[in-house]
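Read the structure below first, then the notes.
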Amino acid sequence: MAIKEHLWEFPHAMQLKIMGAADSPLEDALIDILTTHLEDFEADAHLTSKPSSKGTFVSFTAQVVMRNREQVEAIYKALNECPHVKMTI
């Protein structure tokens with residue numbers, strides 16, 4: 001993901017939406033990725049989940065504050081490389 005830094009104002013509060021299979025260890029993977037890249041991320045306070053209507057998938061919403069372009073790119077790269085992540089918005 002290429003960030004056009006002139007379009008962003010840092011620090012930048014945003015929501016990450018991540019979806020994956022309900023039977024995968026997606027939550028643990030997300031917590032690991034986000035705590036690695038965000039020094040102030042606390043899963044209990046910043047991460048919520050919602051199952052799909054059939055229970056096959058789960059979506060997570062992470063409330064995060066990005067400090068710079070490199071951090072945004074690193075997080076999206078890690079999420080895209082995670083085998084448990086099906087979609088990131």
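By convention here, the chains of the structure tokens are called A, B, ... in the order presented, each chain's residues are numbered starting at 1, and ligands are numbered starting at 1 in the order presented.
If you count only C-alpha atoms and ignore residues fewer than 6 places along the chain from A:Leu79, what sits within 8 Å of it is Leu30, Ile33, Val85 and Thr88 of chain A.
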Just-selected residues, N, CA and C atoms written as a PDB file, in the first residue's frame:
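The result, stored in part_19.pdb:
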ATOM      1  N   LEU A  30      -3.983 -10.749  14.985  1.00  0.00           N
ATOM      2  CA  LEU A  30      -4.176  -9.300  14.953  1.00  0.00           C
ATOM      3  C   LEU A  30      -3.532  -8.619  16.152  1.00  0.00           C
ATOM      4  N   ILE A  33       0.212  -8.540  15.632  1.00  0.00           N
ATOM      5  CA  ILE A  33       0.621  -7.555  14.625  1.00  0.00           C
ATOM      6  C   ILE A  33       0.486  -6.134  15.160  1.00  0.00           C
ATOM      7  N   VAL A  85      -5.951 -13.523   7.632  1.00  0.00           N
ATOM      8  CA  VAL A  85      -6.680 -12.342   7.195  1.00  0.00           C
ATOM      9  C   VAL A  85      -7.202 -12.571   5.779  1.00  0.00           C
ATOM     10  N   THR A  88      -8.906  -6.734   4.426  1.00  0.00           N
ATOM     11  CA  THR A  88      -8.604  -5.579   5.285  1.00  0.00           C
ATOM     12  C   THR A  88      -9.152  -4.330   4.610  1.00  0.00           C
TER      13      THR A  88
END
Exercise: stretch 50-54 of chain A partners within 12 Å, only C-alpha atoms, chain neighbours under 2 positions left out, as a ChimeraX atom specification
/A:17-23,27,47-48,56-62
Please identify the helix (DSSP H, G or I) residues within chain A (assignment by DSSP from backbone atoms) and present them as an MDAnalysis selection string.
chainID A and resid 5:7 26:37 43:46 69:81
8 Å contact set for A:Asn68, only C-alpha atoms, chain neighbours under 4 positions out, as an NGL selection string:
:A and (10-11 or 72)
DSSP on the backbone: which residues in stretch 7-89 of chain A end up as strand (DSSP E or B)? Give the answer as a list of chain:residue names.
A:His12, A:Ala13, A:Met14, A:Gln15, A:Leu16, A:Lys17, A:Ile18, A:Met19, A:Gly20, A:Ala21, A:Leu47, A:Thr48, A:Ser49, A:Lys50, A:Pro51, A:Phe57, A:Val58, A:Ser59, A:Phe60, A:Thr61, A:Ala62, A:Gln63, A:Val64, A:Val65, A:Met66, A:Met87, A:Thr88
Keeping only N, CA and C atoms, take the residues you just selected and write them out as a short mmCIF file (atom, residue, chain, number, x, y, z; two decimals), in the first residue's frame.
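Generated file (again_27.cif):
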data_model
loop_
_atom_site.label_atom_id
_atom_site.label_comp_id
_atom_site.auth_asym_id
_atom_site.auth_seq_id
_atom_site.Cartn_x
_atom_site.Cartn_y
_atom_site.Cartn_z
N HIS A 12 -2.66 10.17 13.04
CA HIS A 12 -3.92 9.98 12.33
C HIS A 12 -4.73 8.86 13.00
N ALA A 13 -5.85 9.23 13.62
CA ALA A 13 -6.73 8.23 14.24
C ALA A 13 -7.57 7.59 13.14
N MET A 14 -7.70 6.27 13.18
CA MET A 14 -8.47 5.58 12.16
C MET A 14 -8.96 4.22 12.67
N GLN A 15 -9.88 3.65 11.93
CA GLN A 15 -10.37 2.31 12.22
C GLN A 15 -9.84 1.36 11.15
N LEU A 16 -9.32 0.24 11.59
CA LEU A 16 -8.95 -0.84 10.67
C LEU A 16 -10.05 -1.88 10.77
N LYS A 17 -10.54 -2.36 9.64
CA LYS A 17 -11.53 -3.44 9.60
C LYS A 17 -10.83 -4.64 8.99
N ILE A 18 -10.86 -5.75 9.72
CA ILE A 18 -10.17 -6.96 9.29
C ILE A 18 -11.14 -8.12 9.38
N MET A 19 -11.20 -8.94 8.33
CA MET A 19 -12.10 -10.09 8.34
C MET A 19 -11.34 -11.37 8.05
N GLY A 20 -11.87 -12.46 8.63
CA GLY A 20 -11.29 -13.76 8.40
C GLY A 20 -12.24 -14.85 8.84
N ALA A 21 -11.82 -16.09 8.70
CA ALA A 21 -12.63 -17.23 9.09
C ALA A 21 -12.81 -17.26 10.61
N LEU A 47 -10.00 -3.13 20.38
CA LEU A 47 -10.35 -4.16 19.40
C LEU A 47 -11.72 -4.74 19.73
N THR A 48 -12.62 -4.72 18.76
CA THR A 48 -13.94 -5.32 18.90
C THR A 48 -14.17 -6.30 17.77
N SER A 49 -15.08 -7.25 17.99
CA SER A 49 -15.36 -8.25 16.97
C SER A 49 -16.85 -8.42 16.78
N LYS A 50 -17.19 -8.95 15.60
CA LYS A 50 -18.58 -9.21 15.27
C LYS A 50 -18.62 -10.42 14.34
N PRO A 51 -19.40 -11.45 14.70
CA PRO A 51 -19.49 -12.62 13.81
C PRO A 51 -20.40 -12.33 12.62
N PHE A 57 -17.62 -16.34 9.34
CA PHE A 57 -16.57 -15.33 9.36
C PHE A 57 -16.70 -14.45 10.59
N VAL A 58 -15.64 -13.74 10.89
CA VAL A 58 -15.65 -12.77 11.97
C VAL A 58 -14.95 -11.51 11.47
N SER A 59 -15.48 -10.37 11.86
CA SER A 59 -14.81 -9.11 11.51
C SER A 59 -14.35 -8.44 12.79
N PHE A 60 -13.20 -7.82 12.70
CA PHE A 60 -12.63 -7.08 13.82
C PHE A 60 -12.49 -5.62 13.42
N THR A 61 -12.74 -4.75 14.36
CA THR A 61 -12.51 -3.33 14.18
C THR A 61 -11.48 -2.91 15.21
N ALA A 62 -10.39 -2.34 14.73
CA ALA A 62 -9.32 -1.87 15.62
C ALA A 62 -9.27 -0.35 15.54
N GLN A 63 -9.38 0.28 16.69
CA GLN A 63 -9.23 1.74 16.80
C GLN A 63 -7.75 2.01 17.02
N VAL A 64 -7.12 2.68 16.07
CA VAL A 64 -5.68 2.89 16.14
C VAL A 64 -5.32 4.34 15.84
N VAL A 65 -4.13 4.72 16.27
CA VAL A 65 -3.57 6.03 15.92
C VAL A 65 -2.23 5.77 15.23
N MET A 66 -2.19 6.13 13.97
CA MET A 66 -0.97 5.95 13.18
C MET A 66 -0.09 7.18 13.36
N MET A 87 -9.58 -10.20 4.43
CA MET A 87 -9.82 -8.88 3.86
C MET A 87 -9.49 -7.83 4.91
N THR A 88 -8.91 -6.73 4.43
CA THR A 88 -8.60 -5.58 5.29
C THR A 88 -9.15 -4.33 4.61
#
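Among A:His6, A:Ile89, A:Asn80, A:Ile75, the residue with the shortest atom-to-atom distance to A:Ile31, counting only C-alpha atoms, is A:Ile75.
Residue nearest A:Leu38, chosen from A:Glu73, A:Leu7, A:Glu81, A:Arg67 and counting only C-alpha atoms: A:Arg67.
Shortest atom-to-atom contact with A:Thr36 among A:Gln71, A:Glu9, A:Gly55, A:Ser24: A:Gln71, counting only C-alpha atoms.
Shortest atom-to-atom contact with A:Ala43 among A:Ala29, A:Arg69, A:Trp8, A:Ala78: A:Ala29, counting only C-alpha atoms.
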